[in-house]
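Visitor: Sharing data_28.pdb (PDB, C-alpha atoms) below.
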MODEL        1
ATOM      1  CA  MET A   1      28.879 -14.953  28.597
ATOM      2  CA  ASN A   2      25.519 -14.321  26.961
ATOM      3  CA  LYS A   3      24.770 -12.424  23.759
ATOM      4  CA  LEU A   4      23.374  -9.327  25.447
ATOM      5  CA  SER A   5      26.277  -8.801  27.833
ATOM      6  CA  SER A   6      28.760  -9.521  25.040
ATOM      7  CA  ASN A   7      27.182  -6.902  22.802
ATOM      8  CA  LEU A   8      26.932  -4.346  25.603
ATOM      9  CA  LYS A   9      30.669  -4.629  26.247
ATOM     10  CA  TYR A  10      31.342  -3.618  22.647
ATOM     11  CA  LEU A  11      29.275  -0.423  22.856
ATOM     12  CA  ARG A  12      32.481   1.064  24.209
ATOM     13  CA  ARG A  13      35.966  -0.149  23.459
ATOM     14  CA  PRO A  14      36.572  -3.129  25.741
ATOM     15  CA  THR A  15      39.807  -3.073  27.723
ATOM     16  CA  TRP A  16      40.961  -6.292  26.057
ATOM     17  CA  ASP A  17      40.549  -4.888  22.532
ATOM     18  CA  SER A  18      43.971  -3.285  22.127
ATOM     19  CA  GLY A  19      43.976  -3.480  18.334
ATOM     20  CA  ILE A  20      47.439  -5.071  18.525
ATOM     21  CA  SER A  21      48.170  -8.750  17.885
ATOM     22  CA  PRO A  22      50.285 -10.365  20.610
ATOM     23  CA  PRO A  23      53.940 -11.191  19.955
ATOM     24  CA  GLU A  24      53.207 -14.910  20.339
ATOM     25  CA  LEU A  25      50.916 -14.774  17.315
ATOM     26  CA  LEU A  26      53.427 -12.749  15.303
ATOM     27  CA  ASN A  27      56.164 -15.275  16.157
ATOM     28  CA  PHE A  28      53.875 -18.137  15.120
ATOM     29  CA  ILE A  29      53.143 -16.464  11.791
ATOM     30  CA  ALA A  30      56.857 -15.917  11.188
ATOM     31  CA  THR A  31      57.696 -19.574  11.793
ATOM     32  CA  HIS A  32      54.783 -21.396  10.138
ATOM     33  CA  PRO A  33      53.493 -21.495   6.572
ATOM     34  CA  ALA A  34      50.135 -19.879   5.916
ATOM     35  CA  GLY A  35      47.120 -22.146   5.976
ATOM     36  CA  ARG A  36      43.557 -22.128   7.168
ATOM     37  CA  ALA A  37      42.789 -20.661  10.599
ATOM     38  CA  ILE A  38      39.778 -20.258  12.842
ATOM     39  CA  ASP A  39      39.735 -17.416  15.365
ATOM     40  CA  LEU A  40      37.420 -18.415  18.217
ATOM     41  CA  GLY A  41      35.967 -15.345  19.873
ATOM     42  CA  CYS A  42      37.445 -13.141  17.148
ATOM     43  CA  GLY A  43      35.962  -9.918  18.526
ATOM     44  CA  THR A  44      36.710  -6.956  16.278
ATOM     45  CA  GLY A  45      39.024  -9.048  14.120
ATOM     46  CA  THR A  46      42.465  -7.774  15.082
ATOM     47  CA  ASN A  47      44.135 -11.199  15.098
ATOM     48  CA  ALA A  48      42.110 -12.552  12.183
ATOM     49  CA  ILE A  49      43.175  -9.554  10.096
ATOM     50  CA  THR A  50      46.818 -10.025  11.092
ATOM     51  CA  LEU A  51      46.659 -13.642   9.941
ATOM     52  CA  ALA A  52      44.918 -12.712   6.676
ATOM     53  CA  GLN A  53      47.552 -10.055   5.970
ATOM     54  CA  HIS A  54      50.115 -12.860   6.089
ATOM     55  CA  GLY A  55      48.299 -15.095   3.620
ATOM     56  CA  TRP A  56      46.063 -17.109   5.937
ATOM     57  CA  GLN A  57      42.470 -17.987   5.062
ATOM     58  CA  VAL A  58      40.641 -17.020   8.240
ATOM     59  CA  SER A  59      37.241 -17.847   9.669
ATOM     60  CA  GLY A  60      36.208 -15.933  12.758
ATOM     61  CA  VAL A  61      33.414 -16.649  15.215
ATOM     62  CA  ASP A  62      31.986 -14.366  17.873
ATOM     63  CA  ILE A  63      28.750 -14.110  19.818
ATOM     64  CA  ALA A  64      28.734 -10.294  19.685
ATOM     65  CA  LEU A  65      27.146  -8.849  16.554
ATOM     66  CA  ILE A  66      28.643  -5.424  17.286
ATOM     67  CA  ALA A  67      32.140  -6.934  17.377
ATOM     68  CA  LEU A  68      31.593  -8.692  14.046
ATOM     69  CA  TYR A  69      30.324  -5.472  12.480
ATOM     70  CA  ARG A  70      33.567  -3.787  13.540
ATOM     71  CA  ALA A  71      35.609  -6.752  12.310
ATOM     72  CA  ARG A  72      33.984  -6.528   8.868
ATOM     73  CA  ARG A  73      34.661  -2.801   8.712
ATOM     74  CA  LYS A  74      38.305  -3.239   9.795
ATOM     75  CA  ALA A  75      38.836  -6.095   7.314
ATOM     76  CA  LYS A  76      37.470  -3.983   4.480
ATOM     77  CA  SER A  77      39.735  -1.049   5.334
ATOM     78  CA  SER A  78      42.679  -3.475   5.621
ATOM     79  CA  GLN A  79      41.745  -4.976   2.240
ATOM     80  CA  VAL A  80      41.569  -8.563   3.500
ATOM     81  CA  ASN A  81      38.826 -11.162   3.311
ATOM     82  CA  LEU A  82      37.521 -12.807   6.461
ATOM     83  CA  ASP A  83      34.836 -15.474   6.756
ATOM     84  CA  LEU A  84      32.986 -14.184   9.829
ATOM     85  CA  HIS A  85      30.232 -16.028  11.692
ATOM     86  CA  LEU A  86      27.868 -14.935  14.423
ATOM     87  CA  GLY A  87      27.632 -17.787  16.885
ATOM     88  CA  ASP A  88      28.605 -19.585  20.038
ATOM     89  CA  VAL A  89      32.146 -21.002  19.976
ATOM     90  CA  ALA A  90      30.941 -23.945  22.070
ATOM     91  CA  LYS A  91      28.434 -24.888  19.349
ATOM     92  CA  LEU A  92      30.070 -24.176  16.010
ATOM     93  CA  ARG A  93      27.586 -24.317  13.168
ATOM     94  CA  GLY A  94      28.092 -23.568   9.502
ATOM     95  CA  ILE A  95      31.867 -23.894   9.666
ATOM     96  CA  GLU A  96      33.303 -26.919   7.966
ATOM     97  CA  GLY A  97      36.610 -28.389   6.970
ATOM     98  CA  LYS A  98      39.994 -28.682   8.593
ATOM     99  CA  PHE A  99      42.083 -25.907  10.078
ATOM    100  CA  ASN A 100      45.833 -25.614  10.470
ATOM    101  CA  LEU A 101      45.389 -23.221  13.388
ATOM    102  CA  ALA A 102      42.683 -22.781  16.007
ATOM    103  CA  LEU A 103      43.242 -19.463  17.759
ATOM    104  CA  ASP A 104      41.780 -18.551  21.140
ATOM    105  CA  ILE A 105      43.007 -15.328  22.669
ATOM    106  CA  GLY A 106      40.734 -14.378  25.526
ATOM    107  CA  CYS A 107      37.650 -16.441  24.748
ATOM    108  CA  PHE A 108      37.428 -19.820  26.456
ATOM    109  CA  HIS A 109      38.476 -18.629  29.905
ATOM    110  CA  ASN A 110      35.248 -16.581  29.944
ATOM    111  CA  LEU A 111      32.938 -19.536  29.286
TER     112      LEU A 111
ENDMDL
END
Could I get this file's structure written as structure tokens?
Guide:
Amino acid sequence: MNKLSSNLKYLRRPTWDSGISPPELLNFIATHPAGRAIDLGCGTGTNAITLAQHGWQVSGVDIALIALYRARRKAKSSQVNLDLHLGDVAKLRGIEGKFNLALDIGCFHNL
């Protein structure tokens, strides 16, 4: 998926952007200690925010600038900090260190 088509999809609310974290993620959070996570294809930040609300330090990456703008706005209103990066998940740049969780919900199957 290229940058232009990714951004165009976020001009409206994409069908996949429910604003609700899946039960699998909630179960994971309930059964694992907080750590450092990377959300690959974080979109508008729903899952990154959920993790941050449970004590995780979260980095998010997305190719769509519009999605990251919405993620920043949602994080601010949720009073959580996210480390958000505009970029291609296949070529991560500017993100260093180890992660306890790499999250991909709806990203890699589109590459």
Visitor: Please indicate the distance in Å from atom CA of His32 of chain A to atom CA of Asp83 of chain A, rounded to one decimal place.
Guide: 21.1 Å
Visitor: Would you mind telling me which residue in A:Pro23, A:Gly94, A:Gly55, A:Gly35 lies nearest to Asn81 of chain A when using all atoms listed in the file?
Guide: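 For Asn81 of chain A, the nearest of the given residues is A:Gly55.
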Visitor: Care to translate the PyMOL selection byres ((chain A and resi 22) around 12) into actual residues of this file, as a ChimeraX atom specification?
Guide: /A:16-21,23-29,46-48,50-51,103-106
Visitor: Which residues are close to Gly43 of chain A, i.e. within 9 Å by all atoms listed in the file, leaving aside same-chain residues fewer than 5 positions away? Reply as an NGL selection string.
Guide: :A and (10 or 17 or 60-64 or 66-68 or 70-71)
Visitor: Go through A:Leu40, A:Val58, A:Gln53, A:Ala102 and flag the residue nearest Leu86 of chain A, using only C-alpha atoms for the distances.
Guide: A:Leu40
Visitor: What's the separation between atom CA of Ser77 of chain A and atom CA of Ala30 of chain A, in Å to one decimal place?
Guide: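 According to the coordinates, atom CA of Ser77 of chain A and atom CA of Ala30 of chain A are separated by 23.4 Å.
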Visitor: Rounded to one decimal, what separation in Å do you get between atom CA of Ser59 of chain A and atom CA of Asp39 of chain A?
Guide: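 Straight-line distance from atom CA of Ser59 of chain A to atom CA of Asp39 of chain A works out to 6.2 Å.
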Visitor: Using all atoms listed in the file, which residue out of A:Cys42, A:Ile49, A:Leu65, A:Ile95 lies closest to Val80 of chain A?
Guide: A:Ile49
Visitor: Please complete segment 21-34 of chain A with N, CA and C atoms and give it back as a CSV table (one decimal), in the frame of the given file.
Guide:
chain,number,residue,atom,x,y,z
A,21,SER,N,48.0,-7.3,17.7
A,21,SER,CA,48.2,-8.8,17.9
A,21,SER,C,49.3,-9.0,18.8
A,22,PRO,N,49.2,-10.1,19.7
A,22,PRO,CA,50.3,-10.4,20.6
A,22,PRO,C,51.5,-10.9,19.9
A,23,PRO,N,52.7,-10.7,20.6
A,23,PRO,CA,53.9,-11.2,20.0
A,23,PRO,C,54.0,-12.7,19.7
A,24,GLU,N,53.2,-13.5,20.5
A,24,GLU,CA,53.2,-14.9,20.3
A,24,GLU,C,52.6,-15.3,19.0
A,25,LEU,N,51.5,-14.5,18.6
A,25,LEU,CA,50.9,-14.8,17.3
A,25,LEU,C,51.9,-14.4,16.2
A,26,LEU,N,52.5,-13.2,16.3
A,26,LEU,CA,53.4,-12.7,15.3
A,26,LEU,C,54.6,-13.7,15.1
A,27,ASN,N,55.1,-14.3,16.2
A,27,ASN,CA,56.2,-15.3,16.2
A,27,ASN,C,55.7,-16.5,15.5
A,28,PHE,N,54.4,-17.0,15.8
A,28,PHE,CA,53.9,-18.1,15.1
A,28,PHE,C,53.8,-17.9,13.6
A,29,ILE,N,53.3,-16.8,13.2
A,29,ILE,CA,53.1,-16.5,11.8
A,29,ILE,C,54.5,-16.5,11.1
A,30,ALA,N,55.5,-16.0,11.8
A,30,ALA,CA,56.9,-15.9,11.2
A,30,ALA,C,57.5,-17.3,11.0
A,31,THR,N,57.0,-18.3,11.8
A,31,THR,CA,57.7,-19.6,11.8
A,31,THR,C,56.8,-20.7,11.2
A,32,HIS,N,55.7,-20.4,10.7
A,32,HIS,CA,54.8,-21.4,10.1
A,32,HIS,C,54.2,-20.9,8.8
A,33,PRO,N,54.1,-21.9,7.9
A,33,PRO,CA,53.5,-21.5,6.6
A,33,PRO,C,52.0,-21.1,6.7
A,34,ALA,N,51.5,-20.3,5.9
A,34,ALA,CA,50.1,-19.9,5.9
A,34,ALA,C,49.3,-21.1,5.6
